[in-house]
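> Have a look at this one before I ask anything.
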Amino acid sequence: MHVGSFVLAAQFPGQGQGEALHRAVRSAEVSEEAGLDAVWLAEHHFVPYGTCPSAVTLAALLLGRTRRIRVGTAISVLPTAHPVALGEQAALLHVTSGGRFTLGVGRGGPWVDLEVFGAGLEAYEQGFPESLDLLLRWLREPAVAASGERFSFREVAVVPRPSEALTDAPGPEVVVACTSPASVRLAAERGLPMLLGMHVGDEEKAEMVALWRRCARAAGRSAEEVADAAHVSAGVCQLADRRTDAAETLLKAMPGWLRQGLGAHVTVDGRARSMRDPHAYTELLCGLHPVGTPRLAADRLAATAERTGISRFALLVEGSGDLAATEENLRRLGAEVLPQLR
């Protein structure tokens, strides 16, 4: 089992954006100090839900600040990026970090981002498979040309080649954020592990893993590849000596952040959108994830792994909104939870 932190650079009410980003950087540094396996970085545009607009840029900083821990994006929003540009950045980080970088990609949402970056709604609704396939070719082939509906260009050399890294991995790992059967099938057919969101519980995640396995086998993926797929489960972790204290910490801080952050999203086409009740959503997260004592947290992570077959976790640890409390949460996760899992 591999446990990492999930860093959103969340801007809580009353905080500045610089404060949120400083907490994000410190969370990554302390994650390594605490013995975690990875740090996963979220990407958002124009909203205080997350103040990091480029997960791959923040990943570059953190790979330079750390020596052991893996750094991944969760996720880089592919419809608003050129797949070749993102592929070049991923290859650069893979080569220069000795293979410690993981590229997580996803569709994002139908937000105004698509207008600002000139991608258009079609890039979100129809263009993700083309973008993903071009990205994968860039990370696996020595030269690439394109003749698709969205991208068309003559053959060019891939520089730097991901395979030039001094590592056993031929290129950076790619994972795909999956929220629907269509995205599960897309990832499975390409043999890519999934990143599953923190809003769903073990039963639904187990169903998605089972669907991935069926689709991967139907696409001709080997039994070994199917068995070894290392999917990632996102969740929330808050530790305290009593479960009620851990939940109270989140229930005091997270609803305000969720209300402010999620409420700031603007759709690109004016479509109606609904938002979860922030307090009820926080209560849901407390019930689904390792929120409580270190013993409870270890048991819950082990149970999720057993029920779903998922071997990696990306845990939101900044739910208190406070830097000191976040650092303490991480250190307790490393010192009091991880030894029970290993």
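Each chain in the structure tokens gets a letter, A, B and so on, in the order shown; residues start at 1 in every chain, and ligands are counted from 1 in the order they appear.
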Mind the document's chain letters and residue numbers, and return as a PDB file with N, CA, C and O atoms, in the first residue's frame the residues of region 22-102 of chain A that DSSP labels strand (DSSP E).

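File produced: states.pdb:
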```pdb
ATOM      1  N   ALA A  38       4.043   9.758  -1.750  1.00  0.00           N
ATOM      2  CA  ALA A  38       3.793  10.654  -2.874  1.00  0.00           C
ATOM      3  C   ALA A  38       3.074  11.900  -2.407  1.00  0.00           C
ATOM      4  O   ALA A  38       2.491  11.940  -1.320  1.00  0.00           O
ATOM      5  N   VAL A  39       3.121  12.917  -3.248  1.00  0.00           N
ATOM      6  CA  VAL A  39       2.287  14.099  -3.084  1.00  0.00           C
ATOM      7  C   VAL A  39       1.610  14.350  -4.426  1.00  0.00           C
ATOM      8  O   VAL A  39       2.240  14.283  -5.483  1.00  0.00           O
ATOM      9  N   TRP A  40       0.293  14.573  -4.376  1.00  0.00           N
ATOM     10  CA  TRP A  40      -0.519  14.769  -5.574  1.00  0.00           C
ATOM     11  C   TRP A  40      -1.028  16.203  -5.586  1.00  0.00           C
ATOM     12  O   TRP A  40      -1.584  16.668  -4.597  1.00  0.00           O
ATOM     13  N   LEU A  41      -0.884  16.890  -6.715  1.00  0.00           N
ATOM     14  CA  LEU A  41      -1.168  18.320  -6.795  1.00  0.00           C
ATOM     15  C   LEU A  41      -2.368  18.588  -7.692  1.00  0.00           C
ATOM     16  O   LEU A  41      -2.401  18.158  -8.847  1.00  0.00           O
ATOM     17  N   ARG A  70       7.579  10.718  -4.625  1.00  0.00           N
ATOM     18  CA  ARG A  70       7.014  10.914  -5.958  1.00  0.00           C
ATOM     19  C   ARG A  70       6.098  12.142  -5.943  1.00  0.00           C
ATOM     20  O   ARG A  70       5.444  12.423  -4.926  1.00  0.00           O
ATOM     21  N   VAL A  71       6.057  12.838  -7.053  1.00  0.00           N
ATOM     22  CA  VAL A  71       5.197  14.004  -7.195  1.00  0.00           C
ATOM     23  C   VAL A  71       4.317  13.787  -8.422  1.00  0.00           C
ATOM     24  O   VAL A  71       4.814  13.486  -9.509  1.00  0.00           O
ATOM     25  N   GLY A  72       3.003  13.925  -8.234  1.00  0.00           N
ATOM     26  CA  GLY A  72       2.072  13.709  -9.332  1.00  0.00           C
ATOM     27  C   GLY A  72       1.070  14.833  -9.455  1.00  0.00           C
ATOM     28  O   GLY A  72       0.811  15.564  -8.497  1.00  0.00           O
ATOM     29  N   THR A  73       0.493  14.975 -10.637  1.00  0.00           N
ATOM     30  CA  THR A  73      -0.584  15.939 -10.843  1.00  0.00           C
ATOM     31  C   THR A  73      -1.924  15.219 -10.712  1.00  0.00           C
ATOM     32  O   THR A  73      -2.095  14.125 -11.223  1.00  0.00           O
ATOM     33  N   SER A  76      -3.754  17.398 -14.161  1.00  0.00           N
ATOM     34  CA  SER A  76      -3.591  18.424 -15.182  1.00  0.00           C
ATOM     35  C   SER A  76      -4.800  18.344 -16.108  1.00  0.00           C
ATOM     36  O   SER A  76      -5.162  17.269 -16.575  1.00  0.00           O
ATOM     37  N   VAL A  77      -5.437  19.501 -16.349  1.00  0.00           N
ATOM     38  CA  VAL A  77      -6.667  19.538 -17.130  1.00  0.00           C
ATOM     39  C   VAL A  77      -6.308  19.514 -18.614  1.00  0.00           C
ATOM     40  O   VAL A  77      -5.815  20.500 -19.162  1.00  0.00           O
ATOM     41  N   PHE A 101       8.223  11.557 -11.317  1.00  0.00           N
ATOM     42  CA  PHE A 101       7.037  12.327 -11.679  1.00  0.00           C
ATOM     43  C   PHE A 101       5.944  11.429 -12.250  1.00  0.00           C
ATOM     44  O   PHE A 101       6.208  10.542 -13.059  1.00  0.00           O
ATOM     45  N   THR A 102       4.707  11.664 -11.816  1.00  0.00           N
ATOM     46  CA  THR A 102       3.523  11.007 -12.365  1.00  0.00           C
ATOM     47  C   THR A 102       2.609  12.071 -12.958  1.00  0.00           C
ATOM     48  O   THR A 102       2.318  13.080 -12.309  1.00  0.00           O
TER      49      THR A 102
END
```
> I want to know what sits within 8 Å of His2 (chain A), based on only C-alpha atoms, with residues of the same chain fewer than 4 positions away left out; could you give that as a PyMOL selection string?
chain A and resi 36-38+311-313
> Given only C-alpha atoms as the basis, pick out the residue of A:Arg342, A:Arg243, A:His199, A:Arg217 nearest to Leu284 (chain A).
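Selected residue with least distance to Leu284 (chain A): A:His199.
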> Find the spatial neighbours of Ala229 (chain A), counting only C-alpha atoms, within a cut-off of 8 Å - ignore same-chain residues fewer than 6 positions away - and output them as a list in words.
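Result of the neighbour search: Gly191, Leu192 and Pro193 of chain A.
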> Could you please take those selected residues and save N, CA, C and O atoms as a CSV table (one decimal), in the first residue's frame?

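Here's the written file out26.csv:
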```
chain,number,residue,atom,x,y,z
A,191,GLY,N,-4.8,0.9,-20.9
A,191,GLY,CA,-4.0,0.3,-19.9
A,191,GLY,C,-3.6,1.3,-18.8
A,191,GLY,O,-2.5,1.1,-18.2
A,192,LEU,N,-4.3,2.4,-18.6
A,192,LEU,CA,-3.9,3.4,-17.7
A,192,LEU,C,-4.6,3.3,-16.4
A,192,LEU,O,-5.8,3.2,-16.4
A,193,PRO,N,-3.9,3.4,-15.3
A,193,PRO,CA,-4.6,3.3,-14.0
A,193,PRO,C,-5.5,4.6,-13.8
A,193,PRO,O,-5.3,5.6,-14.3
```
> Residues of region 287-341 of chain A that have any atom at most 10 Å from an atom of region 255-260 of chain A: could you tabulate them with the shortest-distance atom pair and the distance in Å to one decimal, using only C-alpha atoms, ordered by chain and increasing number, as JSON lines?

```
{"residue": "A:Gly319", "atom": "CA", "partner": "A:Trp257", "partner_atom": "CA", "distance": 9.0}
{"residue": "A:Ser320", "atom": "CA", "partner": "A:Trp257", "partner_atom": "CA", "distance": 10.0}
{"residue": "A:Gly321", "atom": "CA", "partner": "A:Trp257", "partner_atom": "CA", "distance": 8.5}
```
> Extract, using only C-alpha atoms, all DNA, RNA and protein residues at most 8 Å from region 145-160 of chain A, discarding same-chain residues fewer than 4 positions from it, and format them as a list in words.
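Answer for this query is Glu88, Ala91, Leu92, Val95, Gly127, Glu130, Leu134, Trp138, Glu141 and Glu164 of chain A.
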> Mind giving me the straight-line distance from CA of Phe128 (chain A) to CA of Val176 (chain A) in Å, one decimal?
11.0 Å
> Mind checking DSSP for region 52-280 of chain A and telling me the alpha helix (DSSP H) residues as a PyMOL selection string?
chain A and resi 55-65+83-96+113-116+121-125+128-140+181-189+202-218+223-228+243-262+278-280
> Of the candidates A:His265, A:His22, A:Lys252, A:His82, which shows the shortest atom-to-atom distance to Leu58 (chain A), using only C-alpha atoms?
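The closest residue to Leu58 (chain A) is A:His22.
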> If I take CA of Gly104 (chain A) and CA of Val175 (chain A), how far is one from the other in Å, to one decimal?
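Computing it gives 4.6 Å between the two atoms.
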